[in-house]
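Chemist: Below is the file run_4.txt, which contains compact mmCIF, C-alpha atoms.
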# COMPACT_ATOMS: atom_id res chain seq x y z
CA MET A 1 114.56 118.40 101.37
CA ASP A 2 111.34 119.81 99.93
CA LEU A 3 110.12 116.66 98.15
CA LEU A 4 110.33 114.73 101.43
CA LYS A 5 108.64 117.44 103.48
CA GLN A 6 105.79 117.66 100.99
CA LYS A 7 105.35 113.90 101.26
CA ILE A 8 105.38 114.02 105.08
CA SER A 9 102.88 116.88 105.08
CA SER A 10 100.50 115.21 102.66
CA GLU A 11 100.73 111.58 103.83
CA GLY A 12 102.07 111.60 107.39
CA ARG A 13 99.58 110.74 110.12
CA VAL A 14 100.17 112.04 113.61
CA ILE A 15 98.99 109.87 116.50
CA GLY A 16 99.07 111.25 120.00
CA THR A 17 101.92 113.63 120.65
CA ASP A 18 104.92 111.69 119.40
CA ILE A 19 104.01 109.08 116.77
CA LEU A 20 104.33 110.02 113.12
CA LYS A 21 103.18 107.30 110.76
CA VAL A 22 104.84 107.51 107.36
CA ASP A 23 104.18 103.93 106.38
CA SER A 24 102.71 104.94 103.02
CA PHE A 25 106.17 105.79 101.66
CA LEU A 26 108.95 104.96 104.15
CA ASN A 27 108.53 102.09 106.57
CA HIS A 28 105.88 99.66 105.32
CA GLN A 29 104.98 100.75 101.83
CA VAL A 30 108.05 102.34 100.24
CA ASP A 31 108.25 104.90 97.43
CA PRO A 32 111.31 103.85 95.39
CA ASP A 33 111.65 107.20 93.56
CA LEU A 34 111.63 109.11 96.83
CA MET A 35 114.18 106.70 98.34
CA LYS A 36 116.39 107.24 95.29
CA ALA A 37 116.17 111.03 95.73
CA ILE A 38 116.97 110.64 99.43
CA GLY A 39 119.98 108.43 98.71
CA GLU A 40 121.25 110.91 96.14
CA GLU A 41 120.88 113.75 98.66
CA PHE A 42 122.82 111.90 101.38
CA ALA A 43 125.54 111.03 98.87
CA LEU A 44 125.86 114.72 97.93
CA ILE A 45 125.98 115.82 101.56
CA PHE A 46 128.63 113.30 102.59
CA GLU A 47 130.71 112.94 99.41
CA GLY A 48 134.46 113.43 99.72
CA GLN A 49 134.53 112.03 103.27
CA GLY A 50 136.26 108.81 102.24
CA ILE A 51 133.23 106.71 103.17
CA THR A 52 133.77 102.96 102.60
CA LYS A 53 130.54 101.56 104.07
CA VAL A 54 126.98 102.63 104.75
CA LEU A 55 125.65 101.17 108.01
CA THR A 56 121.97 101.00 108.95
CA ILE A 57 119.52 98.87 110.97
CA GLU A 58 116.90 96.54 109.55
CA SER A 59 114.26 97.06 108.31
CA SER A 60 113.21 100.63 107.65
CA GLY A 61 116.75 101.94 107.29
CA ILE A 62 117.51 99.61 104.39
CA ALA A 63 115.72 101.51 101.62
CA PRO A 64 117.35 104.94 102.17
CA ALA A 65 120.71 103.30 102.99
CA LEU A 66 120.64 101.21 99.82
CA PHE A 67 120.36 104.20 97.51
CA THR A 68 122.94 106.14 99.53
CA GLY A 69 125.35 103.23 99.00
CA LEU A 70 124.46 103.15 95.30
CA PHE A 71 125.35 106.82 94.81
CA LEU A 72 128.46 106.66 97.04
CA HIS A 73 129.54 103.41 95.28
CA VAL A 74 130.07 101.54 98.55
CA PRO A 75 128.46 98.46 100.15
CA VAL A 76 125.58 98.78 102.61
CA VAL A 77 125.55 96.79 105.85
CA PHE A 78 122.36 96.42 107.81
CA ALA A 79 122.62 95.52 111.49
CA LYS A 80 120.34 92.62 112.41
CA LYS A 81 117.86 92.71 115.24
CA THR A 82 117.41 88.97 115.57
CA ALA A 83 119.88 86.17 116.00
CA SER A 84 119.71 83.66 113.18
CA ARG A 85 121.64 80.48 112.63
CA ASN A 86 122.68 82.08 109.33
CA LEU A 87 124.47 84.97 111.05
CA ASP A 88 128.12 84.58 111.90
CA THR A 89 128.84 83.94 115.55
CA GLU A 90 131.61 86.54 115.51
CA THR A 91 129.66 89.76 115.78
CA TYR A 92 129.76 93.25 117.18
CA HIS A 93 126.60 93.88 119.16
CA ALA A 94 124.85 96.57 121.13
CA ALA A 95 121.66 96.77 123.16
CA VAL A 96 119.05 99.25 121.97
CA HIS A 97 116.01 100.34 123.91
CA SER A 98 113.00 100.84 121.66
CA PHE A 99 110.45 103.32 122.96
CA THR A 100 108.20 102.40 120.02
CA ARG A 101 108.11 98.72 120.94
CA GLY A 102 108.56 99.22 124.66
CA SER A 103 111.38 96.70 124.84
CA GLU A 104 115.10 96.21 124.39
CA TYR A 105 116.70 94.45 121.47
CA ILE A 106 120.22 93.56 120.39
CA VAL A 107 121.65 94.76 117.09
CA ARG A 108 124.41 92.68 115.54
CA VAL A 109 126.93 93.14 112.74
CA SER A 110 129.25 90.39 111.58
CA LYS A 111 132.91 91.21 112.14
CA ARG A 112 133.49 90.28 108.50
CA TYR A 113 131.75 93.41 107.27
CA LEU A 114 133.08 96.20 109.45
CA THR A 115 136.72 96.77 110.39
CA ALA A 116 139.13 99.44 111.60
CA GLU A 117 139.87 100.18 107.92
CA ASP A 118 136.32 101.46 107.38
CA THR A 119 134.88 104.94 107.38
CA VAL A 120 131.15 104.52 107.89
CA LEU A 121 128.14 106.65 107.20
CA LEU A 122 125.20 105.79 109.46
CA ILE A 123 121.76 106.01 107.88
CA ASP A 124 118.39 105.62 109.56
CA ASP A 125 114.77 106.44 108.83
CA PHE A 126 114.04 108.20 112.14
CA LEU A 127 115.95 110.00 114.85
CA ALA A 128 113.88 110.52 118.01
CA ARG A 129 115.51 109.59 121.31
CA GLY A 130 118.66 108.50 119.47
CA ARG A 131 118.87 104.99 120.90
CA ALA A 132 119.16 103.17 117.56
CA LEU A 133 121.87 105.55 116.39
CA MET A 134 123.72 105.09 119.69
CA GLY A 135 123.67 101.35 119.03
CA LEU A 136 125.19 101.84 115.57
CA LEU A 137 127.84 104.17 117.02
CA GLU A 138 128.70 101.54 119.62
CA ILE A 139 129.10 98.93 116.89
CA ALA A 140 131.31 101.25 114.82
CA GLU A 141 133.41 101.89 117.92
CA GLN A 142 133.78 98.15 118.60
CA ALA A 143 134.99 97.74 115.01
CA GLY A 144 137.40 100.65 115.38
CA ALA A 145 135.81 102.24 112.33
CA ARG A 146 135.77 105.99 111.74
CA VAL A 147 132.28 107.56 111.66
CA ALA A 148 131.82 110.18 108.94
CA GLY A 149 128.41 111.13 110.27
CA ALA A 150 124.77 110.17 110.33
CA GLY A 151 122.14 110.76 107.65
CA ILE A 152 118.60 110.77 109.00
CA VAL A 153 115.45 110.86 106.90
CA ILE A 154 113.15 112.32 109.56
CA GLU A 155 114.33 113.84 112.83
CA LYS A 156 111.87 114.53 115.62
CA GLY A 157 113.40 117.84 116.62
CA PHE A 158 111.21 117.99 119.71
CA GLN A 159 112.90 114.93 121.20
CA ASP A 160 116.43 114.84 122.53
CA GLY A 161 118.18 112.34 120.23
CA GLY A 162 119.52 114.94 117.81
CA SER A 163 121.15 117.12 120.46
CA LEU A 164 122.42 114.03 122.30
CA ILE A 165 124.23 112.66 119.24
CA ARG A 166 125.47 116.07 118.07
CA SER A 167 126.85 116.78 121.54
CA MET A 168 129.07 113.70 121.06
CA GLY A 169 130.68 115.49 118.12
CA ILE A 170 128.91 113.40 115.49
CA ARG A 171 127.78 115.21 112.35
CA VAL A 172 124.05 114.59 111.97
CA GLU A 173 122.28 115.63 108.77
CA SER A 174 118.51 115.23 108.77
CA LEU A 175 116.53 115.76 105.57
CA ALA A 176 113.42 116.80 107.49
CA ILE A 177 113.38 118.05 111.07
CA ILE A 178 110.00 118.22 112.71
CA LYS A 179 109.66 121.09 115.14
CA GLU A 180 106.20 120.20 116.36
CA MET A 181 103.19 118.19 115.37
CA SER A 182 99.65 117.70 116.51
CA GLU A 183 97.18 114.86 116.09
CA GLU A 184 94.35 117.17 115.14
CA GLY A 185 94.46 117.30 111.34
CA SER A 186 97.92 115.68 111.49
CA LYS A 187 99.50 119.11 111.44
CA ILE A 188 103.28 119.04 111.12
CA THR A 189 105.64 122.01 111.40
CA PHE A 190 109.22 121.69 110.20
CA ALA A 191 112.18 123.28 111.96
CA ASP A 192 113.33 125.21 108.92
CA GLU A 193 109.99 126.67 107.92
CA THR A 194 110.12 130.43 107.83
CA LYS A 195 108.60 131.04 111.23
CA TRP A 196 111.19 128.83 112.89
CA ALA A 197 114.21 129.69 110.74
CA THR A 198 115.73 132.34 113.04
CA HIS A 199 115.15 130.21 116.07
CA MET A 200 116.94 127.21 114.56
CA GLU A 201 119.87 129.28 113.31
CA GLU A 202 120.43 130.44 116.87
CA GLU A 203 120.32 126.87 118.10
CA LYS A 204 122.90 125.79 115.54
CA THR A 205 125.43 128.49 116.39
CA MET B 206 121.65 85.91 85.49
CA ASP B 207 125.39 85.55 85.01
CA LEU B 208 126.49 88.46 87.22
CA LEU B 209 124.56 86.99 90.14
CA LYS B 210 125.82 83.44 89.60
CA GLN B 211 129.40 84.67 89.47
CA LYS B 212 128.86 86.48 92.74
CA ILE B 213 127.31 83.38 94.36
CA SER B 214 130.17 81.21 93.08
CA SER B 215 132.88 83.54 94.28
CA GLU B 216 131.41 84.71 97.61
CA GLY B 217 128.78 82.17 98.65
CA ARG B 218 129.69 79.94 101.57
CA VAL B 219 128.04 76.55 101.87
CA ILE B 220 127.45 75.21 105.37
CA GLY B 221 126.26 71.67 105.84
CA THR B 222 124.00 70.44 103.08
CA ASP B 223 121.41 73.19 102.86
CA ILE B 224 122.72 76.54 104.11
CA LEU B 225 124.10 79.01 101.59
CA LYS B 226 125.50 82.15 103.16
CA VAL B 227 125.43 85.11 100.79
CA ASP B 228 125.63 87.75 103.46
CA SER B 229 128.51 89.54 101.73
CA PHE B 230 126.18 90.91 99.05
CA LEU B 231 122.52 89.99 99.72
CA ASN B 232 121.28 89.60 103.26
CA HIS B 233 123.59 91.37 105.69
CA GLN B 234 126.06 93.34 103.62
CA VAL B 235 124.32 94.39 100.41
CA ASP B 236 125.84 95.24 97.03
CA PRO B 237 123.72 98.14 95.70
CA ASP B 238 124.89 97.78 92.08
CA LEU B 239 124.01 94.09 92.03
CA MET B 240 120.62 94.82 93.60
CA LYS B 241 120.00 97.42 90.91
CA ALA B 242 120.86 94.91 88.18
CA ILE B 243 118.56 92.34 89.84
CA GLY B 244 115.69 94.83 90.05
CA GLU B 245 116.15 95.76 86.41
CA GLU B 246 116.09 92.08 85.44
CA PHE B 247 112.87 91.38 87.35
CA ALA B 248 111.27 94.47 85.81
CA LEU B 249 112.19 93.23 82.33
CA ILE B 250 110.86 89.73 83.03
CA PHE B 251 107.53 90.91 84.43
CA GLU B 252 106.90 94.11 82.46
CA GLY B 253 103.53 94.43 80.70
CA GLN B 254 101.73 92.40 83.37
CA GLY B 255 99.90 95.40 84.78
CA ILE B 256 101.75 95.19 88.09
CA THR B 257 100.68 97.86 90.59
CA LYS B 258 102.64 96.76 93.67
CA VAL B 259 105.76 94.83 94.57
CA LEU B 260 105.30 92.76 97.74
CA THR B 261 108.14 91.29 99.78
CA ILE B 262 109.03 90.34 103.38
CA GLU B 263 111.43 92.20 105.64
CA SER B 264 114.38 92.31 105.74
CA SER B 265 116.36 90.59 103.01
CA GLY B 266 113.65 90.92 100.39
CA ILE B 267 113.64 94.71 100.63
CA ALA B 268 116.77 95.45 98.59
CA PRO B 269 115.86 93.45 95.46
CA ALA B 270 112.19 94.47 95.78
CA LEU B 271 113.05 98.16 96.04
CA PHE B 272 114.90 98.25 92.73
CA THR B 273 112.22 96.13 91.06
CA GLY B 274 109.66 98.72 92.16
CA LEU B 275 111.93 101.50 90.92
CA PHE B 276 112.14 100.03 87.42
CA LEU B 277 108.45 99.04 87.29
CA HIS B 278 107.50 102.50 88.66
CA VAL B 279 105.29 101.08 91.41
CA PRO B 280 105.38 101.18 95.23
CA VAL B 281 107.00 98.39 97.23
CA VAL B 282 105.29 96.94 100.30
CA PHE B 283 107.24 94.86 102.76
CA ALA B 284 105.34 92.50 105.03
CA LYS B 285 106.34 92.90 108.67
CA LYS B 286 107.41 90.04 110.87
CA THR B 287 106.84 91.78 114.17
CA ALA B 288 103.86 93.57 115.60
CA SER B 289 104.59 97.20 116.38
CA ARG B 290 102.41 99.85 117.90
CA ASN B 291 103.17 101.82 114.72
CA LEU B 292 101.53 99.20 112.47
CA ASP B 293 97.87 99.57 111.71
CA THR B 294 95.61 97.18 113.56
CA GLU B 295 93.74 96.37 110.35
CA THR B 296 96.08 93.89 108.70
CA TYR B 297 96.18 90.83 106.51
CA HIS B 298 98.35 88.21 108.17
CA ALA B 299 99.69 84.74 107.64
CA ALA B 300 101.76 82.29 109.68
CA VAL B 301 105.10 81.27 108.22
CA HIS B 302 107.26 78.44 109.46
CA SER B 303 110.96 79.30 109.25
CA PHE B 304 113.24 76.30 108.90
CA THR B 305 116.22 78.67 109.22
CA ARG B 306 115.10 80.00 112.58
CA GLY B 307 113.33 76.86 113.69
CA SER B 308 110.18 78.75 114.64
CA GLU B 309 106.95 80.19 113.32
CA TYR B 310 106.32 83.85 112.77
CA ILE B 311 103.43 85.99 111.57
CA VAL B 312 103.75 88.26 108.53
CA ARG B 313 101.48 91.27 108.38
CA VAL B 314 100.48 93.80 105.75
CA SER B 315 98.27 96.78 106.48
CA LYS B 316 94.97 96.69 104.60
CA ARG B 317 95.73 100.23 103.47
CA TYR B 318 98.46 99.07 101.12
CA LEU B 319 97.02 96.05 99.34
CA THR B 320 93.56 95.79 97.85
CA ALA B 321 91.51 93.87 95.29
CA GLU B 322 92.50 96.54 92.76
CA ASP B 323 96.15 95.48 92.92
CA THR B 324 98.19 93.18 90.72
CA VAL B 325 101.20 92.19 92.80
CA LEU B 326 104.63 90.88 92.00
CA LEU B 327 106.12 88.91 94.89
CA ILE B 328 109.87 89.29 95.39
CA ASP B 329 112.10 87.41 97.82
CA ASP B 330 115.78 86.73 98.29
CA PHE B 331 115.50 82.96 98.69
CA LEU B 332 113.11 80.19 97.69
CA ALA B 333 113.79 76.93 99.55
CA ARG B 334 110.80 75.19 101.14
CA GLY B 335 108.53 77.97 99.90
CA ARG B 336 106.96 78.85 103.24
CA ALA B 337 107.65 82.60 103.07
CA LEU B 338 106.24 82.80 99.55
CA MET B 339 103.16 80.83 100.66
CA GLY B 340 102.66 83.46 103.36
CA LEU B 341 102.81 86.27 100.80
CA LEU B 342 100.38 84.39 98.53
CA GLU B 343 97.98 83.99 101.44
CA ILE B 344 98.15 87.72 102.13
CA ALA B 345 97.55 88.54 98.45
CA GLU B 346 94.55 86.19 98.50
CA GLN B 347 93.15 87.83 101.63
CA ALA B 348 93.43 91.18 99.86
CA GLY B 349 91.77 89.79 96.74
CA ALA B 350 94.79 90.97 94.73
CA ARG B 351 95.89 89.30 91.49
CA VAL B 352 99.35 87.73 91.61
CA ALA B 353 101.44 88.32 88.49
CA GLY B 354 104.14 85.97 89.70
CA ALA B 355 107.14 85.67 91.96
CA GLY B 356 110.67 86.86 91.34
CA ILE B 357 113.29 85.02 93.38
CA VAL B 358 116.95 85.94 93.63
CA ILE B 359 118.24 82.49 94.60
CA GLU B 360 116.20 79.28 94.39
CA LYS B 361 117.42 76.14 96.08
CA GLY B 362 116.39 73.82 93.29
CA PHE B 363 117.13 70.78 95.44
CA GLN B 364 114.34 71.70 97.87
CA ASP B 365 110.65 71.47 97.12
CA GLY B 366 109.49 75.09 97.37
CA GLY B 367 109.84 75.85 93.67
CA SER B 368 107.81 72.88 92.48
CA LEU B 369 105.26 73.43 95.25
CA ILE B 370 104.58 77.05 94.23
CA ARG B 371 104.71 76.33 90.48
CA SER B 372 102.23 73.47 90.94
CA MET B 373 99.78 76.06 92.27
CA GLY B 374 99.93 77.77 88.87
CA ILE B 375 102.10 80.65 90.06
CA ARG B 376 104.76 81.88 87.66
CA VAL B 377 108.10 81.70 89.49
CA GLU B 378 111.19 83.27 87.92
CA SER B 379 114.44 82.66 89.76
CA LEU B 380 117.60 84.47 88.69
CA ALA B 381 119.82 81.67 89.97
CA ILE B 382 118.68 78.10 90.61
CA ILE B 383 121.06 75.95 92.58
CA LYS B 384 121.02 72.33 91.52
CA GLU B 385 123.39 71.09 94.17
CA MET B 386 126.01 72.35 96.55
CA SER B 387 128.58 70.93 98.88
CA GLU B 388 130.33 72.33 101.94
CA GLU B 389 133.75 71.16 100.82
CA GLY B 390 135.22 74.13 98.97
CA SER B 391 131.71 75.70 98.93
CA LYS B 392 131.08 74.15 95.52
CA ILE B 393 127.83 75.27 93.90
CA THR B 394 126.29 73.89 90.73
CA PHE B 395 123.53 75.83 89.00
CA ALA B 396 120.55 74.19 87.33
CA ASP B 397 121.17 75.79 83.97
CA GLU B 398 124.86 75.07 83.68
CA THR B 399 125.60 73.09 80.55
CA LYS B 400 125.60 69.71 82.19
CA TRP B 401 122.13 70.23 83.59
CA ALA B 402 120.59 72.19 80.74
CA THR B 403 118.87 69.27 78.99
CA HIS B 404 117.64 67.89 82.27
CA MET B 405 116.06 71.20 83.30
CA GLU B 406 114.46 71.75 79.90
CA GLU B 407 112.71 68.40 80.32
CA GLU B 408 111.52 69.42 83.75
CA LYS B 409 110.11 72.65 82.40
CA THR B 410 108.10 71.04 79.59
For the file at hand, write its structure as structure tokens.
Modeler:
Amino acid sequence: MDLLKQKISSEGRVIGTDILKVDSFLNHQVDPDLMKAIGEEFALIFEGQGITKVLTIESSGIAPALFTGLFLHVPVVFAKKTASRNLDTETYHAAVHSFTRGSEYIVRVSKRYLTAEDTVLLIDDFLARGRALMGLLEIAEQAGARVAGAGIVIEKGFQDGGSLIRSMGIRVESLAIIKEMSEEGSKITFADETKWATHMEEEKT
Amino acid sequence: MDLLKQKISSEGRVIGTDILKVDSFLNHQVDPDLMKAIGEEFALIFEGQGITKVLTIESSGIAPALFTGLFLHVPVVFAKKTASRNLDTETYHAAVHSFTRGSEYIVRVSKRYLTAEDTVLLIDDFLARGRALMGLLEIAEQAGARVAGAGIVIEKGFQDGGSLIRSMGIRVESLAIIKEMSEEGSKITFADETKWATHMEEEKT
């Protein structure tokens, strides 16, 4: 998705070897027009799959998931990371290890909002090691819901989450896949840029 | 806003005397069409105020804030409740006491995304005791930003947050104000229903 890649190239800040900060438009400050375009793109990619729910994790997944739900005309459910007295006690839950935070957290979804009748599309802002997505898959499995696939805004192609999830037979569609990046000058190379195109095609087949 | 009040009446669940669960459309499962209508309404109410940023708190404020930003054509910033190694170290922050969670938490906004040049519209899902909104006001003050007002999806009119914030001279516009509610049958009475209309008009003047 060119609009997204341009935004990542112009505003993304690379820290160290594996942190990409895109908090000017995705996960702190949010660009509503870009989120709308992203939601429309996911809806196009996954239309006709009989999707009944979009499932994401708070907080950064909410914006892209919301517009995806808008264009697919289905509700959006966001898994919660914290227990609250306002959340139903009857929940599906899964443990997720966060490499970003250096800790483990539990994601929860009320049993009211996901059932065996559902076909879910998973949406998240990042795919790196794949732990958050694994948590959502576990929750979908507990519900007995069918998983139509996963829509990812930014995939770190140099980490193993993408291949891990795809090897489970899950369709993963990422709007921007980063092949490599470097802190110096925040240089970011995408997987489908010309110089990598052949390489990636081989990987896909 | 009639569409919202109908949704609250038909799907809201009252627990005890002060908890209103609207997690079927607002803060766990989210109805994208309703959020769009809410965002459009806030944009109409606050248009022409020179708003440059919409400011909210993760997670439940994000959906209504996102569509408000879309219709006002400005970025949305969501204050973070947890420290992450991905958040800038240079932040504005404020302590917020949560009666729902029974604890205090810190909300943070990177100094990159709010400055003295900004006119902000605060958006949140609920206004009850007003503590979350006070936190956002404190952050706006730290930034030196002008506050155009606050747009609230659901105000618990029987708690003191609304009068507290309005007494500070802040314009607060709530799309649904609950006058009273009772657990039995989840009965909810809105402030502007006919039987309360005169009463509320007096309060406003």
Chemist: Within 8 Å of (120.8, 110.2, 121.9) (file coordinates; only C-alpha atoms), which protein or nucleic acid residues are there? I'd like them as a list of chain:residue names.
Modeler: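 Final list of nearby residues, as requested, is A:Ala128, A:Arg129, A:Gly130, A:Arg131, A:Leu133, A:Met134, A:Asp160, A:Gly161, A:Gly162, A:Ser163, A:Leu164, A:Ile165.
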Chemist: Compile the contact shell of His302 (chain B) as a list in words: residues with an atom at most 9 Å away, counting all atoms listed in the file, same-chain residues fewer than 5 positions apart removed.
Modeler: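 Contacts, in chain order: Gly307, Ser308, Glu309, Tyr310, Ile311, Arg336 and Ala337 of chain B.
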Chemist: Go ahead and compute the interatomic distance for CA of Thr305 (chain B) and CA of Ile224 (chain B), in Å to one decimal.
Modeler: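 Interatomic distance, CA of Thr305 (chain B) to CA of Ile224 (chain B): 8.5 Å.
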Chemist: Specify as a ChimeraX atom specification all residues of chain A found within 7 Å of chain B, counting only C-alpha atoms.
Modeler: /A:21,28-33,58-59,63,66,69-70,75-78,84-86,100-101,113
Chemist: Is it possible to get the residues within 9 Å of (125.9, 74.3, 98.0) (coordinates as in the file, counting only C-alpha atoms) written as number ranges by chain?
Modeler: B: 217-225, 361, 383-389, 391-394
Chemist: Check the smallest atom-to-atom distance from each of A:Glu141, A:Gly50, A:Val153, A:Phe158 to Ile8 (chain A) using all atoms listed in the file, then report the winner.
Modeler: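 Ranking A:Glu141, A:Gly50, A:Val153, A:Phe158 by distance to Ile8 (chain A), first place goes to A:Val153.
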Chemist: With only C-alpha atoms as the atoms that count, which of B:Gly354, B:Gly349, B:Gly362, B:Gly340 lies nearest to Ala248 (chain B)?
Modeler: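 Looking only at the distances to Ala248 (chain B), the closest residue turns out to be B:Gly354.
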Chemist: Tell me, in Å to one decimal, how far CA of Tyr92 (chain A) is from CA of Met168 (chain A).
Modeler: 20.8 Å
Chemist: Nearest to Val96 (chain A): which of A:Ile139, A:Ile177, A:Ile45, A:Val120 is it, counting only C-alpha atoms?
Modeler: A:Ile139
Chemist: Interatomic distance between CA of Ser174 (chain A) and CA of Asp192 (chain A)?
Modeler: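 Separation of CA of Ser174 (chain A) and CA of Asp192 (chain A): 11.2 Å.
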Chemist: Around all the atoms of region 111-128 of chain A listed in the file, draw an axis-aligned box and extend it by 4 Å on each of the six sides; I want its centre and edge lengths in Å to one decimal, as lines of an AutoDock Vina configuration file.
Modeler:
center_x = 126.9
center_y = 100.4
center_z = 112.6
size_x = 34.0
size_y = 28.2
size_z = 18.8
Chemist: Counting only C-alpha atoms, which of B:Leu380, B:Ser214, B:Thr257, B:Gly390 gets nearest to Ala242 (chain B)?
Modeler: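 Among the listed residues, B:Leu380 lies closest to Ala242 (chain B).
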Chemist: When you count only C-alpha atoms, which of these residues is closest to Gln347 (chain B): B:Leu209, B:Ala299, B:Ala381, B:Ile256?
Modeler: B:Ala299
Chemist: So, with all atoms listed in the file as the atoms that count, which of A:Phe99, A:Ile170, A:Ile152, A:Gly61 lies closest to Met1 (chain A)?
Modeler: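 Of the candidates, the smallest distance to Met1 (chain A) is held by A:Ile152.
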